[in-house]
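> Below you'll find the structure I mean.
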Amino acid sequence: MHIPDGLLAPEVWLPLAGVAAAGCALAARRTASTLDDRRVPLMGVLGAFVFAAQMVNFPVGPGTSGHLAGGVLLAALLGPAAAALVMACVLVLQCLLFADGGLTALGANVVNLALLAVYGGHLLRRVLLRVLPESAATFLAAWASVVTAAAAVALEAAASGHRLEAWLPLMVGVHAVVGLGEGAITVAALRAVRVARPDLAGRPA
């Protein structure tokens, strides 16, 4: 769901760039004060995993694409602030090195995937953990994070003059299916990390 240059109007991507910068600054401040040294290497490993997963794109609509996100997985293992930073770094590298997502749309992509998907998915997972088993809560939160980010793309496109009735069903419909894979991969990855390195994954919630 990387947004390319030209899809968003300046009055949309400029404010989103400011929101992205502010969100990343707050996440960096939070991460600096809370990050465990043991998780620093994990940030790099997970960043590489998400980078590779997001490079597998498929077309969705004119000028945009679908792919796995990884926000809930990052937040579950790193905490939401560090996860947002890792995701933002992945998006910047994809934009600058592979032209995956436009430079003018970088702020929008960071808002959608590094802020909405990470923080929103993390918050929903915490709420669901109160009433559901961990696997179910993780699956649903990961699914919802992808669908939410996709809906945000459609709303941003609509605010830029594109037809919401065309974009919203397309983006949400495709990513409702993509989210099933996102949820399954997130659950499986968390289980694998918990088996291999329980000190990093923590105890089952």
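Numbering starts fresh at 1 for the residues of each chain in the structure tokens, the chains themselves are lettered A, B, ... in the order given, and ligands are numbered from 1 as they appear.
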Write out as a PyMOL selection string which residues come within 12 Å of Ile185 of chain A when counting only C-alpha atoms, dropping same-chain ones fewer than 5 positions away.
chain A and resi 49-50+53+68-73+135+138-140+142-143+178-180+190-192
> Can you spit out the residues from that selection as a PDB file, in the first residue's frame, using C-alpha atoms?

```
ATOM      1  CA  PHE A  49      12.491  -9.154   7.794  1.00  0.00           C
ATOM      2  CA  VAL A  50       9.808  -6.484   7.347  1.00  0.00           C
ATOM      3  CA  ALA A  53       8.302  -8.879   3.280  1.00  0.00           C
ATOM      4  CA  LEU A  68       2.263  -7.498   4.150  1.00  0.00           C
ATOM      5  CA  ALA A  69       2.941  -4.842   6.789  1.00  0.00           C
ATOM      6  CA  GLY A  70       4.411  -6.295   9.989  1.00  0.00           C
ATOM      7  CA  GLY A  71       3.358  -3.550  12.397  1.00  0.00           C
ATOM      8  CA  VAL A  72       1.811  -5.736  15.094  1.00  0.00           C
ATOM      9  CA  LEU A  73       4.741  -8.154  14.984  1.00  0.00           C
ATOM     10  CA  SER A 135      -3.154 -16.171  19.254  1.00  0.00           C
ATOM     11  CA  THR A 138      -2.721 -11.216  17.794  1.00  0.00           C
ATOM     12  CA  PHE A 139      -4.319 -12.494  14.593  1.00  0.00           C
ATOM     13  CA  LEU A 140      -7.234 -10.053  14.750  1.00  0.00           C
ATOM     14  CA  ALA A 142      -2.629  -7.832  12.766  1.00  0.00           C
ATOM     15  CA  TRP A 143      -5.544  -8.206  10.349  1.00  0.00           C
ATOM     16  CA  VAL A 178      -3.948  -9.770   2.719  1.00  0.00           C
ATOM     17  CA  GLY A 179      -4.674  -9.320   6.424  1.00  0.00           C
ATOM     18  CA  LEU A 180      -5.399 -13.031   6.797  1.00  0.00           C
ATOM     19  CA  LEU A 190       5.755 -14.645  17.665  1.00  0.00           C
ATOM     20  CA  ARG A 191       5.523 -18.326  18.552  1.00  0.00           C
ATOM     21  CA  ALA A 192       8.857 -19.034  16.858  1.00  0.00           C
TER      22      ALA A 192
END
```
> Write down as a VMD selection string the residues of segment 16-124 of chain A whose backbone DSSP state falls under helix (DSSP H, G or I).
chain A and resid 16 to 34 39 to 54 71 to 78 80 to 98 106 to 124
> With only C-alpha atoms as the atoms that count, which of A:Arg125, A:Ala108, A:Gly173, A:Ala151 lies nearest to Glu11 of chain A?
A:Ala108
> Any chance you could tabulate, as a Markdown table, the residues of segment 32-59 of chain A at most 12 Å from segment 89-102 of chain A with each one's nearest atom pair and distance in Å to one decimal, using only C-alpha atoms, in chain and rising number order?

```
| residue | atom | partner | partner_atom | distance |
| --- | --- | --- | --- | --- |
| A:Met43 | CA | A:Cys89 | CA | 10.7 |
| A:Gly44 | CA | A:Val90 | CA | 10.2 |
| A:Val45 | CA | A:Val90 | CA | 11.7 |
| A:Leu46 | CA | A:Val90 | CA | 10.1 |
| A:Gly47 | CA | A:Val90 | CA | 6.5 |
| A:Ala48 | CA | A:Val90 | CA | 8.0 |
| A:Phe49 | CA | A:Val90 | CA | 9.8 |
| A:Val50 | CA | A:Val90 | CA | 7.5 |
| A:Phe51 | CA | A:Val90 | CA | 5.7 |
| A:Ala52 | CA | A:Val90 | CA | 9.4 |
| A:Ala53 | CA | A:Val90 | CA | 10.7 |
| A:Gln54 | CA | A:Gln94 | CA | 8.9 |
| A:Met55 | CA | A:Asp100 | CA | 8.0 |
| A:Val56 | CA | A:Asp100 | CA | 10.6 |
| A:Asn57 | CA | A:Asp100 | CA | 9.3 |
| A:Phe58 | CA | A:Asp100 | CA | 11.8 |
```
> Using C-alpha atoms, can you export the residues from the last selection as a short mmCIF file (atom, residue, chain, number, x, y, z; two decimals), in the first residue's frame?

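What follows is the written file part08.cif:
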```cif
data_model
loop_
_atom_site.label_atom_id
_atom_site.label_comp_id
_atom_site.auth_asym_id
_atom_site.auth_seq_id
_atom_site.Cartn_x
_atom_site.Cartn_y
_atom_site.Cartn_z
CA MET A 43 15.42 -4.22 15.81
CA GLY A 44 17.86 -4.78 12.97
CA VAL A 45 16.78 -8.37 12.35
CA LEU A 46 13.10 -7.51 12.39
CA GLY A 47 13.68 -4.46 10.24
CA ALA A 48 15.35 -6.64 7.61
CA PHE A 49 12.49 -9.15 7.79
CA VAL A 50 9.81 -6.48 7.35
CA PHE A 51 11.84 -4.81 4.59
CA ALA A 52 11.97 -8.06 2.64
CA ALA A 53 8.30 -8.88 3.28
CA GLN A 54 7.13 -5.46 2.11
CA MET A 55 9.16 -5.67 -1.10
CA VAL A 56 6.80 -8.42 -2.30
CA ASN A 57 4.18 -6.12 -3.83
CA PHE A 58 1.19 -6.68 -6.06
#
```
> Residues at most 12 Å from Val40 of chain A, counting only C-alpha atoms, excluding those fewer than 4 positions away in the same chain, as a compact mmCIF listing (two decimals) with C-alpha atoms, in the first residue's frame?

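Output file out_4.txt is given in full below:
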```
# COMPACT_ATOMS: atom_id res chain seq x y z
CA THR A 31 12.56 4.54 22.56
CA ALA A 32 15.71 6.21 23.88
CA THR A 34 12.87 2.58 27.42
CA LEU A 35 14.68 0.32 24.97
CA ASP A 36 16.42 -2.72 26.42
CA GLY A 44 17.86 -4.78 12.97
CA VAL A 45 16.78 -8.37 12.35
CA LEU A 46 13.10 -7.51 12.39
CA GLY A 47 13.68 -4.46 10.24
CA LEU A 77 8.49 -7.74 20.16
CA LEU A 78 9.91 -4.23 20.45
CA GLY A 79 7.16 -2.09 21.92
CA ALA A 82 10.67 1.24 18.71
CA ALA A 83 8.42 -0.58 16.24
CA LEU A 85 10.94 3.80 14.29
CA VAL A 86 11.90 0.52 12.63
CA LEU A 200 13.09 -11.48 23.91
```
> Mind checking which residues fall within 7 Å of Gly121 of chain A, counting only C-alpha atoms, ignoring those fewer than 2 positions away in the same chain, and posting them as a PyMOL selection string?
chain A and resi 72+117-119+123-125+141-142+144-145
> Please produce a file of the residues just selected, as a PDB file, in the first residue's frame, where the atoms kept are N, CA and C atoms.

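Printed below is result04.pdb as written:
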```pdb
ATOM      1  N   VAL A  72       2.141  -5.102  13.818  1.00  0.00           N
ATOM      2  CA  VAL A  72       1.811  -5.736  15.094  1.00  0.00           C
ATOM      3  C   VAL A  72       2.945  -6.641  15.558  1.00  0.00           C
ATOM      4  N   ALA A 117      -0.791   1.719  11.717  1.00  0.00           N
ATOM      5  CA  ALA A 117      -0.741   0.260  11.783  1.00  0.00           C
ATOM      6  C   ALA A 117      -0.047  -0.228  13.044  1.00  0.00           C
ATOM      7  N   VAL A 118       1.043   0.432  13.437  1.00  0.00           N
ATOM      8  CA  VAL A 118       1.797  -0.020  14.606  1.00  0.00           C
ATOM      9  C   VAL A 118       1.057   0.307  15.894  1.00  0.00           C
ATOM     10  N   TYR A 119       0.766   1.583  16.115  1.00  0.00           N
ATOM     11  CA  TYR A 119       0.117   1.972  17.375  1.00  0.00           C
ATOM     12  C   TYR A 119      -1.312   1.462  17.446  1.00  0.00           C
ATOM     13  N   LEU A 123      -2.515  -1.224  20.244  1.00  0.00           N
ATOM     14  CA  LEU A 123      -3.586  -0.903  21.182  1.00  0.00           C
ATOM     15  C   LEU A 123      -4.721  -1.911  21.089  1.00  0.00           C
ATOM     16  N   LEU A 124      -5.111  -2.264  19.868  1.00  0.00           N
ATOM     17  CA  LEU A 124      -6.193  -3.235  19.702  1.00  0.00           C
ATOM     18  C   LEU A 124      -5.787  -4.588  20.278  1.00  0.00           C
ATOM     19  N   ARG A 125      -4.547  -4.995  20.068  1.00  0.00           N
ATOM     20  CA  ARG A 125      -4.090  -6.276  20.613  1.00  0.00           C
ATOM     21  C   ARG A 125      -4.168  -6.281  22.137  1.00  0.00           C
ATOM     22  N   ALA A 141      -5.680  -8.402  15.625  1.00  0.00           N
ATOM     23  CA  ALA A 141      -5.026  -7.092  15.641  1.00  0.00           C
ATOM     24  C   ALA A 141      -4.179  -6.896  14.388  1.00  0.00           C
ATOM     25  N   ALA A 142      -3.448  -7.936  13.972  1.00  0.00           N
ATOM     26  CA  ALA A 142      -2.629  -7.832  12.766  1.00  0.00           C
ATOM     27  C   ALA A 142      -3.512  -7.631  11.535  1.00  0.00           C
ATOM     28  N   ALA A 144      -6.531  -6.295  11.462  1.00  0.00           N
ATOM     29  CA  ALA A 144      -7.127  -4.962  11.524  1.00  0.00           C
ATOM     30  C   ALA A 144      -6.116  -3.876  11.195  1.00  0.00           C
ATOM     31  N   SER A 145      -4.852  -4.074  11.569  1.00  0.00           N
ATOM     32  CA  SER A 145      -3.838  -3.053  11.289  1.00  0.00           C
ATOM     33  C   SER A 145      -3.642  -2.856   9.792  1.00  0.00           C
TER      34      SER A 145
END
```
> Between atom CA of Ala84 of chain A and atom CA of Leu42 of chain A, measure the distance and give it in Å to one decimal.
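Computed distance, atom CA of Ala84 of chain A to atom CA of Leu42 of chain A, equals 14.0 Å.
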> Write out as number ranges by chain all residues of chain A that DSSP puts in strand (DSSP E) for this structure's backbone.
A: 58-61, 64-66
> Any chance you could export the current selection's N, CA and C atoms as a PDB file, in the first residue's frame?

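The resulting file, again_21.pdb, is shown below:
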```pdb
ATOM      1  N   PHE A  58       2.055  -6.361  -4.942  1.00  0.00           N
ATOM      2  CA  PHE A  58       1.191  -6.680  -6.061  1.00  0.00           C
ATOM      3  C   PHE A  58       0.260  -5.503  -6.280  1.00  0.00           C
ATOM      4  N   PRO A  59      -0.088  -5.200  -7.546  1.00  0.00           N
ATOM      5  CA  PRO A  59      -0.905  -4.021  -7.834  1.00  0.00           C
ATOM      6  C   PRO A  59      -2.305  -4.141  -7.260  1.00  0.00           C
ATOM      7  N   VAL A  60      -2.808  -3.014  -6.746  1.00  0.00           N
ATOM      8  CA  VAL A  60      -4.166  -2.963  -6.219  1.00  0.00           C
ATOM      9  C   VAL A  60      -5.016  -2.031  -7.059  1.00  0.00           C
ATOM     10  N   GLY A  61      -4.581  -0.800  -7.196  1.00  0.00           N
ATOM     11  CA  GLY A  61      -5.309   0.176  -7.987  1.00  0.00           C
ATOM     12  C   GLY A  61      -4.321   1.042  -8.732  1.00  0.00           C
ATOM     13  N   THR A  64      -0.922   2.318  -6.806  1.00  0.00           N
ATOM     14  CA  THR A  64      -0.636   1.828  -5.461  1.00  0.00           C
ATOM     15  C   THR A  64      -0.601   0.305  -5.468  1.00  0.00           C
ATOM     16  N   SER A  65      -0.166  -0.285  -4.345  1.00  0.00           N
ATOM     17  CA  SER A  65       0.072  -1.724  -4.314  1.00  0.00           C
ATOM     18  C   SER A  65      -0.277  -2.291  -2.951  1.00  0.00           C
ATOM     19  N   GLY A  66      -0.353  -3.610  -2.867  1.00  0.00           N
ATOM     20  CA  GLY A  66      -0.623  -4.289  -1.618  1.00  0.00           C
ATOM     21  C   GLY A  66       0.561  -5.143  -1.202  1.00  0.00           C
TER      22      GLY A  66
END
```
> Given only C-alpha atoms as the basis, pick out the residue of A:Ala137, A:Leu103, A:Ala159, A:Val174 nearest to Ile3 of chain A.
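When distances to Ile3 of chain A are compared using only C-alpha atoms, the smallest one comes from A:Leu103.
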